[in-house]
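With compact mmCIF, N, CA and C atoms inside, this is upload-v5.txt:
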```txt
# COMPACT_ATOMS: atom_id res chain seq x y z
N MET A 1 -159.01 128.83 -77.85
CA MET A 1 -160.42 129.17 -77.72
C MET A 1 -160.70 129.70 -76.31
N THR A 2 -161.40 130.80 -76.22
CA THR A 2 -161.67 131.40 -74.91
C THR A 2 -162.99 130.89 -74.34
N GLN A 3 -163.02 130.79 -73.05
CA GLN A 3 -164.22 130.34 -72.33
C GLN A 3 -165.15 131.53 -72.15
N LYS A 4 -166.44 131.36 -72.46
CA LYS A 4 -167.40 132.43 -72.24
C LYS A 4 -167.63 132.61 -70.75
N LYS A 5 -167.73 133.87 -70.33
CA LYS A 5 -167.98 134.17 -68.93
C LYS A 5 -169.50 134.13 -68.67
N ALA A 6 -169.87 133.52 -67.59
CA ALA A 6 -171.29 133.46 -67.22
C ALA A 6 -171.73 134.81 -66.67
N ASP A 7 -172.94 135.21 -67.01
CA ASP A 7 -173.51 136.46 -66.52
C ASP A 7 -174.24 136.22 -65.20
N ALA A 8 -174.36 137.28 -64.41
CA ALA A 8 -175.06 137.20 -63.13
C ALA A 8 -176.52 137.61 -63.32
N TYR A 9 -177.42 136.85 -62.68
CA TYR A 9 -178.85 137.11 -62.77
C TYR A 9 -179.48 137.05 -61.39
N GLU A 10 -180.62 137.71 -61.28
CA GLU A 10 -181.44 137.64 -60.07
C GLU A 10 -182.81 137.15 -60.50
N ILE A 11 -183.37 136.24 -59.73
CA ILE A 11 -184.74 135.79 -59.98
C ILE A 11 -185.55 135.95 -58.70
N VAL A 12 -186.68 136.62 -58.83
CA VAL A 12 -187.64 136.73 -57.74
C VAL A 12 -188.85 135.93 -58.19
N PHE A 13 -189.26 134.97 -57.36
CA PHE A 13 -190.38 134.13 -57.78
C PHE A 13 -191.31 133.80 -56.62
N ILE A 14 -192.55 133.45 -56.98
CA ILE A 14 -193.58 133.09 -56.01
C ILE A 14 -193.98 131.66 -56.28
N MET A 15 -193.92 130.83 -55.24
CA MET A 15 -194.29 129.42 -55.35
C MET A 15 -195.63 129.20 -54.63
N LYS A 16 -196.32 128.16 -55.04
CA LYS A 16 -197.52 127.76 -54.31
C LYS A 16 -197.13 127.46 -52.88
N ASN A 17 -197.97 127.80 -51.94
CA ASN A 17 -197.65 127.71 -50.53
C ASN A 17 -197.57 126.28 -50.01
N ASN A 18 -198.26 125.35 -50.63
CA ASN A 18 -198.38 124.00 -50.08
C ASN A 18 -197.32 123.03 -50.59
N ASP A 19 -196.33 123.48 -51.34
CA ASP A 19 -195.34 122.57 -51.92
C ASP A 19 -193.95 122.88 -51.37
N SER A 20 -193.47 122.04 -50.43
CA SER A 20 -192.18 122.30 -49.79
C SER A 20 -191.00 121.91 -50.68
N LYS A 21 -191.21 121.03 -51.67
CA LYS A 21 -190.12 120.61 -52.55
C LYS A 21 -189.97 121.49 -53.78
N ALA A 22 -190.83 122.46 -53.94
CA ALA A 22 -190.82 123.31 -55.13
C ALA A 22 -189.50 124.07 -55.33
N PRO A 23 -188.90 124.65 -54.27
CA PRO A 23 -187.61 125.34 -54.51
C PRO A 23 -186.54 124.41 -55.08
N GLU A 24 -186.57 123.13 -54.71
CA GLU A 24 -185.63 122.16 -55.28
C GLU A 24 -185.82 122.04 -56.78
N THR A 25 -187.07 122.13 -57.23
CA THR A 25 -187.37 122.05 -58.66
C THR A 25 -186.71 123.20 -59.40
N ILE A 26 -186.79 124.40 -58.85
CA ILE A 26 -186.19 125.58 -59.48
C ILE A 26 -184.67 125.45 -59.46
N THR A 27 -184.11 124.97 -58.36
CA THR A 27 -182.67 124.75 -58.28
C THR A 27 -182.23 123.79 -59.38
N ASN A 28 -182.97 122.69 -59.55
CA ASN A 28 -182.62 121.72 -60.58
C ASN A 28 -182.70 122.31 -61.98
N LEU A 29 -183.72 123.12 -62.23
CA LEU A 29 -183.85 123.75 -63.55
C LEU A 29 -182.65 124.65 -63.86
N ILE A 30 -182.22 125.43 -62.88
CA ILE A 30 -181.08 126.33 -63.08
C ILE A 30 -179.80 125.52 -63.30
N GLU A 31 -179.59 124.50 -62.48
CA GLU A 31 -178.38 123.70 -62.58
C GLU A 31 -178.35 122.85 -63.86
N GLU A 32 -179.50 122.39 -64.34
CA GLU A 32 -179.57 121.64 -65.60
C GLU A 32 -179.11 122.49 -66.78
N GLN A 33 -179.33 123.79 -66.70
CA GLN A 33 -178.92 124.70 -67.77
C GLN A 33 -177.46 125.13 -67.62
N GLY A 34 -176.78 124.62 -66.61
CA GLY A 34 -175.37 124.96 -66.41
C GLY A 34 -175.16 126.14 -65.49
N GLY A 35 -176.20 126.55 -64.78
CA GLY A 35 -176.11 127.69 -63.88
C GLY A 35 -175.60 127.29 -62.51
N LYS A 36 -175.15 128.28 -61.77
CA LYS A 36 -174.67 128.06 -60.40
C LYS A 36 -175.34 129.07 -59.49
N ILE A 37 -176.04 128.61 -58.48
CA ILE A 37 -176.73 129.50 -57.55
C ILE A 37 -175.73 130.07 -56.56
N GLU A 38 -175.74 131.40 -56.44
CA GLU A 38 -174.79 132.10 -55.57
C GLU A 38 -175.40 132.43 -54.21
N LYS A 39 -176.68 132.82 -54.20
CA LYS A 39 -177.31 133.25 -52.95
C LYS A 39 -178.80 132.96 -53.01
N LYS A 40 -179.35 132.47 -51.90
CA LYS A 40 -180.79 132.20 -51.80
C LYS A 40 -181.37 132.95 -50.61
N ASP A 41 -182.46 133.66 -50.85
CA ASP A 41 -183.20 134.33 -49.78
C ASP A 41 -184.66 133.90 -49.87
N ALA A 42 -185.24 133.55 -48.74
CA ALA A 42 -186.68 133.25 -48.68
C ALA A 42 -187.35 134.40 -47.96
N TRP A 43 -188.33 135.01 -48.60
CA TRP A 43 -189.02 136.15 -48.01
C TRP A 43 -190.25 135.74 -47.21
N GLY A 44 -190.63 134.49 -47.29
CA GLY A 44 -191.76 134.00 -46.51
C GLY A 44 -193.08 134.03 -47.26
N VAL A 45 -194.13 133.69 -46.53
CA VAL A 45 -195.47 133.60 -47.10
C VAL A 45 -196.15 134.97 -47.02
N LYS A 46 -196.77 135.36 -48.12
CA LYS A 46 -197.50 136.63 -48.16
C LYS A 46 -198.85 136.42 -48.85
N ARG A 47 -199.84 137.17 -48.37
CA ARG A 47 -201.17 137.15 -49.00
C ARG A 47 -201.16 138.05 -50.23
N PHE A 48 -201.89 137.64 -51.26
CA PHE A 48 -201.99 138.43 -52.49
C PHE A 48 -203.16 139.40 -52.38
N SER A 49 -203.06 140.49 -53.13
CA SER A 49 -204.17 141.45 -53.22
C SER A 49 -205.32 140.86 -54.02
N TYR A 50 -204.99 139.97 -54.92
CA TYR A 50 -205.98 139.31 -55.77
C TYR A 50 -205.47 137.90 -56.06
N PRO A 51 -206.35 136.97 -56.37
CA PRO A 51 -205.91 135.58 -56.63
C PRO A 51 -205.00 135.50 -57.86
N ILE A 52 -203.97 134.67 -57.75
CA ILE A 52 -203.09 134.35 -58.86
C ILE A 52 -203.20 132.85 -59.09
N LYS A 53 -203.69 132.45 -60.24
CA LYS A 53 -203.91 131.04 -60.56
C LYS A 53 -204.70 130.35 -59.45
N LYS A 54 -205.74 131.02 -58.99
CA LYS A 54 -206.66 130.54 -57.96
C LYS A 54 -206.02 130.38 -56.58
N GLU A 55 -204.85 130.94 -56.37
CA GLU A 55 -204.17 130.92 -55.08
C GLU A 55 -204.32 132.29 -54.43
N THR A 56 -204.46 132.32 -53.09
CA THR A 56 -204.61 133.59 -52.39
C THR A 56 -203.35 134.00 -51.62
N GLN A 57 -202.38 133.09 -51.52
CA GLN A 57 -201.11 133.40 -50.89
C GLN A 57 -200.02 132.54 -51.50
N GLY A 58 -198.78 132.96 -51.31
CA GLY A 58 -197.66 132.21 -51.86
C GLY A 58 -196.39 132.52 -51.11
N THR A 59 -195.36 131.71 -51.36
CA THR A 59 -194.06 131.88 -50.73
C THR A 59 -193.13 132.59 -51.71
N TYR A 60 -192.53 133.68 -51.26
CA TYR A 60 -191.65 134.49 -52.09
C TYR A 60 -190.18 134.11 -51.88
N PHE A 61 -189.42 134.11 -52.99
CA PHE A 61 -187.99 133.81 -52.95
C PHE A 61 -187.24 134.83 -53.80
N ASP A 62 -185.99 135.08 -53.43
CA ASP A 62 -185.10 135.96 -54.18
C ASP A 62 -183.74 135.27 -54.26
N TRP A 63 -183.34 134.87 -55.46
CA TRP A 63 -182.09 134.14 -55.65
C TRP A 63 -181.19 134.86 -56.63
N TYR A 64 -179.88 134.72 -56.44
CA TYR A 64 -178.87 135.20 -57.37
C TYR A 64 -178.14 133.99 -57.93
N PHE A 65 -177.90 133.99 -59.24
CA PHE A 65 -177.19 132.88 -59.86
C PHE A 65 -176.42 133.35 -61.08
N THR A 66 -175.49 132.52 -61.54
CA THR A 66 -174.75 132.81 -62.77
C THR A 66 -175.15 131.79 -63.83
N LEU A 67 -175.18 132.25 -65.07
CA LEU A 67 -175.61 131.41 -66.18
C LEU A 67 -175.10 132.04 -67.47
N HIS A 68 -174.76 131.21 -68.44
CA HIS A 68 -174.37 131.72 -69.76
C HIS A 68 -175.60 132.29 -70.46
N LYS A 69 -175.40 133.39 -71.13
CA LYS A 69 -176.50 134.09 -71.80
C LYS A 69 -177.23 133.18 -72.79
N SER A 70 -176.50 132.29 -73.45
CA SER A 70 -177.10 131.40 -74.45
C SER A 70 -178.10 130.41 -73.83
N ASP A 71 -177.98 130.15 -72.53
CA ASP A 71 -178.87 129.20 -71.85
C ASP A 71 -180.07 129.88 -71.19
N LEU A 72 -180.10 131.20 -71.20
CA LEU A 72 -181.14 131.94 -70.49
C LEU A 72 -182.53 131.73 -71.09
N LYS A 73 -182.63 131.71 -72.40
CA LYS A 73 -183.93 131.57 -73.06
C LYS A 73 -184.57 130.21 -72.73
N SER A 74 -183.79 129.15 -72.76
CA SER A 74 -184.35 127.83 -72.45
C SER A 74 -184.75 127.73 -70.98
N LEU A 75 -183.99 128.36 -70.08
CA LEU A 75 -184.36 128.38 -68.67
C LEU A 75 -185.68 129.12 -68.48
N SER A 76 -185.82 130.25 -69.13
CA SER A 76 -187.03 131.05 -69.02
C SER A 76 -188.25 130.26 -69.49
N LYS A 77 -188.11 129.52 -70.60
CA LYS A 77 -189.22 128.70 -71.11
C LYS A 77 -189.60 127.62 -70.10
N LYS A 78 -188.61 126.97 -69.51
CA LYS A 78 -188.89 125.91 -68.53
C LYS A 78 -189.56 126.48 -67.29
N LEU A 79 -189.17 127.68 -66.88
CA LEU A 79 -189.80 128.32 -65.72
C LEU A 79 -191.26 128.65 -66.02
N GLU A 80 -191.54 129.09 -67.24
CA GLU A 80 -192.91 129.41 -67.63
C GLU A 80 -193.83 128.20 -67.54
N TYR A 81 -193.30 127.02 -67.82
CA TYR A 81 -194.12 125.81 -67.83
C TYR A 81 -194.15 125.09 -66.48
N SER A 82 -193.45 125.60 -65.49
CA SER A 82 -193.43 124.99 -64.17
C SER A 82 -194.77 125.22 -63.47
N GLU A 83 -195.40 124.15 -63.04
CA GLU A 83 -196.72 124.24 -62.41
C GLU A 83 -196.67 124.80 -60.99
N GLU A 84 -195.55 124.61 -60.29
CA GLU A 84 -195.43 125.08 -58.91
C GLU A 84 -195.22 126.59 -58.84
N LEU A 85 -194.75 127.17 -59.92
CA LEU A 85 -194.39 128.57 -59.97
C LEU A 85 -195.61 129.41 -60.34
N LEU A 86 -195.94 130.39 -59.49
CA LEU A 86 -197.07 131.27 -59.78
C LEU A 86 -196.64 132.47 -60.61
N ARG A 87 -195.52 133.07 -60.26
CA ARG A 87 -194.97 134.22 -61.00
C ARG A 87 -193.46 134.22 -60.82
N PHE A 88 -192.75 134.82 -61.81
CA PHE A 88 -191.32 135.03 -61.65
C PHE A 88 -190.87 136.26 -62.42
N LEU A 89 -189.77 136.84 -61.94
CA LEU A 89 -189.15 137.98 -62.59
C LEU A 89 -187.66 137.69 -62.66
N LEU A 90 -187.13 137.69 -63.86
CA LEU A 90 -185.73 137.34 -64.10
C LEU A 90 -185.00 138.59 -64.57
N LEU A 91 -183.97 139.00 -63.84
CA LEU A 91 -183.22 140.23 -64.14
C LEU A 91 -181.74 139.97 -64.26
N LYS A 92 -181.09 140.69 -65.16
CA LYS A 92 -179.63 140.61 -65.27
C LYS A 92 -179.04 141.59 -64.27
N VAL A 93 -178.06 141.13 -63.51
CA VAL A 93 -177.39 141.96 -62.50
C VAL A 93 -176.13 142.54 -63.14
N THR A 94 -175.98 143.85 -63.02
CA THR A 94 -174.80 144.49 -63.62
C THR A 94 -173.82 144.92 -62.56
```

As structure tokens, please, write out the structure in this file.
Amino acid sequence: MTQKKADAYEIVFIMKNNDSKAPETITNLIEEQGGKIEKKDAWGVKRFSYPIKKETQGTYFDWYFTLHKSDLKSLSKKLEYSEELLRFLLLKVT
């Protein structure tokens, strides 16, 4: 039996500015699904052009990770329900 190869993904997300433990939550969600984080970049705090979920600014992050395609849908659902997360964009890296 052959082992499935994990695909590479990039996630760009915005967290509420007042929660310093929020990135740990995202790390745990990815690792619970069997993913491995390869690279983390923090872009810092930026003001929004318009309020997002009643917030006027947020902290931006850009991470690269590997994950099996079969686990991607459940990760995406968990990210959608995360209260600390204002927005996210999940892309497959080729």

request  = Give the strand (DSSP E) residues of chain A, as DSSP finds them on the backbone, and put them as a ChimeraX atom specification.
outcome  = /A:7-16,36-52,55-67,85-92

Keeping only N, CA and C atoms, take the residues you just selected and write them out as a short mmCIF file (atom, residue, chain, number, x, y, z; two decimals), in the coordinates of the input.
```
data_model
loop_
_atom_site.label_atom_id
_atom_site.label_comp_id
_atom_site.auth_asym_id
_atom_site.auth_seq_id
_atom_site.Cartn_x
_atom_site.Cartn_y
_atom_site.Cartn_z
N ASP A 7 -172.94 135.21 -67.01
CA ASP A 7 -173.51 136.46 -66.52
C ASP A 7 -174.24 136.22 -65.20
N ALA A 8 -174.36 137.28 -64.41
CA ALA A 8 -175.06 137.20 -63.13
C ALA A 8 -176.52 137.61 -63.32
N TYR A 9 -177.42 136.85 -62.68
CA TYR A 9 -178.85 137.11 -62.77
C TYR A 9 -179.48 137.05 -61.39
N GLU A 10 -180.62 137.71 -61.28
CA GLU A 10 -181.44 137.64 -60.07
C GLU A 10 -182.81 137.15 -60.50
N ILE A 11 -183.37 136.24 -59.73
CA ILE A 11 -184.74 135.79 -59.98
C ILE A 11 -185.55 135.95 -58.70
N VAL A 12 -186.68 136.62 -58.83
CA VAL A 12 -187.64 136.73 -57.74
C VAL A 12 -188.85 135.93 -58.19
N PHE A 13 -189.26 134.97 -57.36
CA PHE A 13 -190.38 134.13 -57.78
C PHE A 13 -191.31 133.80 -56.62
N ILE A 14 -192.55 133.45 -56.98
CA ILE A 14 -193.58 133.09 -56.01
C ILE A 14 -193.98 131.66 -56.28
N MET A 15 -193.92 130.83 -55.24
CA MET A 15 -194.29 129.42 -55.35
C MET A 15 -195.63 129.20 -54.63
N LYS A 16 -196.32 128.16 -55.04
CA LYS A 16 -197.52 127.76 -54.31
C LYS A 16 -197.13 127.46 -52.88
N LYS A 36 -175.15 128.28 -61.77
CA LYS A 36 -174.67 128.06 -60.40
C LYS A 36 -175.34 129.07 -59.49
N ILE A 37 -176.04 128.61 -58.48
CA ILE A 37 -176.73 129.50 -57.55
C ILE A 37 -175.73 130.07 -56.56
N GLU A 38 -175.74 131.40 -56.44
CA GLU A 38 -174.79 132.10 -55.57
C GLU A 38 -175.40 132.43 -54.21
N LYS A 39 -176.68 132.82 -54.20
CA LYS A 39 -177.31 133.25 -52.95
C LYS A 39 -178.80 132.96 -53.01
N LYS A 40 -179.35 132.47 -51.90
CA LYS A 40 -180.79 132.20 -51.80
C LYS A 40 -181.37 132.95 -50.61
N ASP A 41 -182.46 133.66 -50.85
CA ASP A 41 -183.20 134.33 -49.78
C ASP A 41 -184.66 133.90 -49.87
N ALA A 42 -185.24 133.55 -48.74
CA ALA A 42 -186.68 133.25 -48.68
C ALA A 42 -187.35 134.40 -47.96
N TRP A 43 -188.33 135.01 -48.60
CA TRP A 43 -189.02 136.15 -48.01
C TRP A 43 -190.25 135.74 -47.21
N GLY A 44 -190.63 134.49 -47.29
CA GLY A 44 -191.76 134.00 -46.51
C GLY A 44 -193.08 134.03 -47.26
N VAL A 45 -194.13 133.69 -46.53
CA VAL A 45 -195.47 133.60 -47.10
C VAL A 45 -196.15 134.97 -47.02
N LYS A 46 -196.77 135.36 -48.12
CA LYS A 46 -197.50 136.63 -48.16
C LYS A 46 -198.85 136.42 -48.85
N ARG A 47 -199.84 137.17 -48.37
CA ARG A 47 -201.17 137.15 -49.00
C ARG A 47 -201.16 138.05 -50.23
N PHE A 48 -201.89 137.64 -51.26
CA PHE A 48 -201.99 138.43 -52.49
C PHE A 48 -203.16 139.40 -52.38
N SER A 49 -203.06 140.49 -53.13
CA SER A 49 -204.17 141.45 -53.22
C SER A 49 -205.32 140.86 -54.02
N TYR A 50 -204.99 139.97 -54.92
CA TYR A 50 -205.98 139.31 -55.77
C TYR A 50 -205.47 137.90 -56.06
N PRO A 51 -206.35 136.97 -56.37
CA PRO A 51 -205.91 135.58 -56.63
C PRO A 51 -205.00 135.50 -57.86
N ILE A 52 -203.97 134.67 -57.75
CA ILE A 52 -203.09 134.35 -58.86
C ILE A 52 -203.20 132.85 -59.09
N GLU A 55 -204.85 130.94 -56.37
CA GLU A 55 -204.17 130.92 -55.08
C GLU A 55 -204.32 132.29 -54.43
N THR A 56 -204.46 132.32 -53.09
CA THR A 56 -204.61 133.59 -52.39
C THR A 56 -203.35 134.00 -51.62
N GLN A 57 -202.38 133.09 -51.52
CA GLN A 57 -201.11 133.40 -50.89
C GLN A 57 -200.02 132.54 -51.50
N GLY A 58 -198.78 132.96 -51.31
CA GLY A 58 -197.66 132.21 -51.86
C GLY A 58 -196.39 132.52 -51.11
N THR A 59 -195.36 131.71 -51.36
CA THR A 59 -194.06 131.88 -50.73
C THR A 59 -193.13 132.59 -51.71
N TYR A 60 -192.53 133.68 -51.26
CA TYR A 60 -191.65 134.49 -52.09
C TYR A 60 -190.18 134.11 -51.88
N PHE A 61 -189.42 134.11 -52.99
CA PHE A 61 -187.99 133.81 -52.95
C PHE A 61 -187.24 134.83 -53.80
N ASP A 62 -185.99 135.08 -53.43
CA ASP A 62 -185.10 135.96 -54.18
C ASP A 62 -183.74 135.27 -54.26
N TRP A 63 -183.34 134.87 -55.46
CA TRP A 63 -182.09 134.14 -55.65
C TRP A 63 -181.19 134.86 -56.63
N TYR A 64 -179.88 134.72 -56.44
CA TYR A 64 -178.87 135.20 -57.37
C TYR A 64 -178.14 133.99 -57.93
N PHE A 65 -177.90 133.99 -59.24
CA PHE A 65 -177.19 132.88 -59.86
C PHE A 65 -176.42 133.35 -61.08
N THR A 66 -175.49 132.52 -61.54
CA THR A 66 -174.75 132.81 -62.77
C THR A 66 -175.15 131.79 -63.83
N LEU A 67 -175.18 132.25 -65.07
CA LEU A 67 -175.61 131.41 -66.18
C LEU A 67 -175.10 132.04 -67.47
N LEU A 85 -194.75 127.17 -59.92
CA LEU A 85 -194.39 128.57 -59.97
C LEU A 85 -195.61 129.41 -60.34
N LEU A 86 -195.94 130.39 -59.49
CA LEU A 86 -197.07 131.27 -59.78
C LEU A 86 -196.64 132.47 -60.61
N ARG A 87 -195.52 133.07 -60.26
CA ARG A 87 -194.97 134.22 -61.00
C ARG A 87 -193.46 134.22 -60.82
N PHE A 88 -192.75 134.82 -61.81
CA PHE A 88 -191.32 135.03 -61.65
C PHE A 88 -190.87 136.26 -62.42
N LEU A 89 -189.77 136.84 -61.94
CA LEU A 89 -189.15 137.98 -62.59
C LEU A 89 -187.66 137.69 -62.66
N LEU A 90 -187.13 137.69 -63.86
CA LEU A 90 -185.73 137.34 -64.10
C LEU A 90 -185.00 138.59 -64.57
N LEU A 91 -183.97 139.00 -63.84
CA LEU A 91 -183.22 140.23 -64.14
C LEU A 91 -181.74 139.97 -64.26
N LYS A 92 -181.09 140.69 -65.16
CA LYS A 92 -179.63 140.61 -65.27
C LYS A 92 -179.04 141.59 -64.27
#
```

key: Spatial neighbours of Phe65 of chain A, 10 Å, only C-alpha atoms, chain gap at least 2 places, as an NGL selection string   = :A and (6-11 or 27 or 30-31 or 35-40 or 63 or 67 or 92-93)

message = I'd like the neighbourhood of segment 42-53 of chain A as a ChimeraX atom specification, where a residue qualifies if any of its atoms comes within 9 Å (using only C-alpha atoms), though same-chain residues fewer than 2 positions away should be ignored.
response = /A:17,40,55-63,86-87

task = Give me the residues within 10 Å of Ile26 of chain A as number ranges by chain, counting only C-alpha atoms and dropping any in the same chain fewer than 6 places off.
result = A: 13, 15, 32, 75, 78-79, 82, 84-85

Enclosing box along x, y and z for every listed atom of segment 36-40 of chain A, padded 6 Å each side, centre and size in Å, one decimal, as AutoDock Vina command-line options:
```
--center_x -178.0 --center_y 130.7 --center_z -56.2 --size_x 18.7 --size_y 17.2 --size_z 23.2
```

All alpha helix (DSSP H) residues (DSSP, backbone) inside chain A, as a PDB file with N, CA and C atoms, in the coordinates of the input:
```
ATOM      1  N   ALA A  22    -190.830 122.460 -53.940  1.00  0.00           N
ATOM      2  CA  ALA A  22    -190.820 123.310 -55.130  1.00  0.00           C
ATOM      3  C   ALA A  22    -189.500 124.070 -55.330  1.00  0.00           C
ATOM      4  N   PRO A  23    -188.900 124.650 -54.270  1.00  0.00           N
ATOM      5  CA  PRO A  23    -187.610 125.340 -54.510  1.00  0.00           C
ATOM      6  C   PRO A  23    -186.540 124.410 -55.080  1.00  0.00           C
ATOM      7  N   GLU A  24    -186.570 123.130 -54.710  1.00  0.00           N
ATOM      8  CA  GLU A  24    -185.630 122.160 -55.280  1.00  0.00           C
ATOM      9  C   GLU A  24    -185.820 122.040 -56.780  1.00  0.00           C
ATOM     10  N   THR A  25    -187.070 122.130 -57.230  1.00  0.00           N
ATOM     11  CA  THR A  25    -187.370 122.050 -58.660  1.00  0.00           C
ATOM     12  C   THR A  25    -186.710 123.200 -59.400  1.00  0.00           C
ATOM     13  N   ILE A  26    -186.790 124.400 -58.850  1.00  0.00           N
ATOM     14  CA  ILE A  26    -186.190 125.580 -59.480  1.00  0.00           C
ATOM     15  C   ILE A  26    -184.670 125.450 -59.460  1.00  0.00           C
ATOM     16  N   THR A  27    -184.110 124.970 -58.360  1.00  0.00           N
ATOM     17  CA  THR A  27    -182.670 124.750 -58.280  1.00  0.00           C
ATOM     18  C   THR A  27    -182.230 123.790 -59.380  1.00  0.00           C
ATOM     19  N   ASN A  28    -182.970 122.690 -59.550  1.00  0.00           N
ATOM     20  CA  ASN A  28    -182.620 121.720 -60.580  1.00  0.00           C
ATOM     21  C   ASN A  28    -182.700 122.310 -61.980  1.00  0.00           C
ATOM     22  N   LEU A  29    -183.720 123.120 -62.230  1.00  0.00           N
ATOM     23  CA  LEU A  29    -183.850 123.750 -63.550  1.00  0.00           C
ATOM     24  C   LEU A  29    -182.650 124.650 -63.860  1.00  0.00           C
ATOM     25  N   ILE A  30    -182.220 125.430 -62.880  1.00  0.00           N
ATOM     26  CA  ILE A  30    -181.080 126.330 -63.080  1.00  0.00           C
ATOM     27  C   ILE A  30    -179.800 125.520 -63.300  1.00  0.00           C
ATOM     28  N   GLU A  31    -179.590 124.500 -62.480  1.00  0.00           N
ATOM     29  CA  GLU A  31    -178.380 123.700 -62.580  1.00  0.00           C
ATOM     30  C   GLU A  31    -178.350 122.850 -63.860  1.00  0.00           C
ATOM     31  N   GLU A  32    -179.500 122.390 -64.340  1.00  0.00           N
ATOM     32  CA  GLU A  32    -179.570 121.640 -65.600  1.00  0.00           C
ATOM     33  C   GLU A  32    -179.110 122.490 -66.780  1.00  0.00           C
ATOM     34  N   LYS A  69    -175.400 133.390 -71.130  1.00  0.00           N
ATOM     35  CA  LYS A  69    -176.500 134.090 -71.800  1.00  0.00           C
ATOM     36  C   LYS A  69    -177.230 133.180 -72.790  1.00  0.00           C
ATOM     37  N   SER A  70    -176.500 132.290 -73.450  1.00  0.00           N
ATOM     38  CA  SER A  70    -177.100 131.400 -74.450  1.00  0.00           C
ATOM     39  C   SER A  70    -178.100 130.410 -73.830  1.00  0.00           C
ATOM     40  N   ASP A  71    -177.980 130.150 -72.530  1.00  0.00           N
ATOM     41  CA  ASP A  71    -178.870 129.200 -71.850  1.00  0.00           C
ATOM     42  C   ASP A  71    -180.070 129.880 -71.190  1.00  0.00           C
ATOM     43  N   LEU A  72    -180.100 131.200 -71.200  1.00  0.00           N
ATOM     44  CA  LEU A  72    -181.140 131.940 -70.490  1.00  0.00           C
ATOM     45  C   LEU A  72    -182.530 131.730 -71.090  1.00  0.00           C
ATOM     46  N   LYS A  73    -182.630 131.710 -72.400  1.00  0.00           N
ATOM     47  CA  LYS A  73    -183.930 131.570 -73.060  1.00  0.00           C
ATOM     48  C   LYS A  73    -184.570 130.210 -72.730  1.00  0.00           C
ATOM     49  N   SER A  74    -183.790 129.150 -72.760  1.00  0.00           N
ATOM     50  CA  SER A  74    -184.350 127.830 -72.450  1.00  0.00           C
ATOM     51  C   SER A  74    -184.750 127.730 -70.980  1.00  0.00           C
ATOM     52  N   LEU A  75    -183.990 128.360 -70.080  1.00  0.00           N
ATOM     53  CA  LEU A  75    -184.360 128.380 -68.670  1.00  0.00           C
ATOM     54  C   LEU A  75    -185.680 129.120 -68.480  1.00  0.00           C
ATOM     55  N   SER A  76    -185.820 130.250 -69.130  1.00  0.00           N
ATOM     56  CA  SER A  76    -187.030 131.050 -69.020  1.00  0.00           C
ATOM     57  C   SER A  76    -188.250 130.260 -69.490  1.00  0.00           C
ATOM     58  N   LYS A  77    -188.110 129.520 -70.600  1.00  0.00           N
ATOM     59  CA  LYS A  77    -189.220 128.700 -71.110  1.00  0.00           C
ATOM     60  C   LYS A  77    -189.600 127.620 -70.100  1.00  0.00           C
ATOM     61  N   LYS A  78    -188.610 126.970 -69.510  1.00  0.00           N
ATOM     62  CA  LYS A  78    -188.890 125.910 -68.530  1.00  0.00           C
ATOM     63  C   LYS A  78    -189.560 126.480 -67.290  1.00  0.00           C
ATOM     64  N   LEU A  79    -189.170 127.680 -66.880  1.00  0.00           N
ATOM     65  CA  LEU A  79    -189.800 128.320 -65.720  1.00  0.00           C
ATOM     66  C   LEU A  79    -191.260 128.650 -66.020  1.00  0.00           C
ATOM     67  N   GLU A  80    -191.540 129.090 -67.240  1.00  0.00           N
ATOM     68  CA  GLU A  80    -192.910 129.410 -67.630  1.00  0.00           C
ATOM     69  C   GLU A  80    -193.830 128.200 -67.540  1.00  0.00           C
TER      70      GLU A  80
END
```

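Proximity of A:His68, A:Thr94, A:Lys5, A:Ala22 to Gly34 of chain A, computed with all atoms listed in the file, is greatest for A:His68.
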
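Taking atom CA of Lys73 of chain A and atom C of Ile14 of chain A as endpoints, the distance between them is 19.6 Å.
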
ask   = Just how far from atom CA of Gln33 of chain A is atom C of Ser74 of chain A, in Å to one decimal?
value =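 Spanning atom C of Ser74 of chain A to atom CA of Gln33 of chain A is a straight-line distance of 7.3 Å.
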
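Coordinates place atom CA of Lys16 of chain A at a distance of 24.8 Å from atom CA of Thr66 of chain A.
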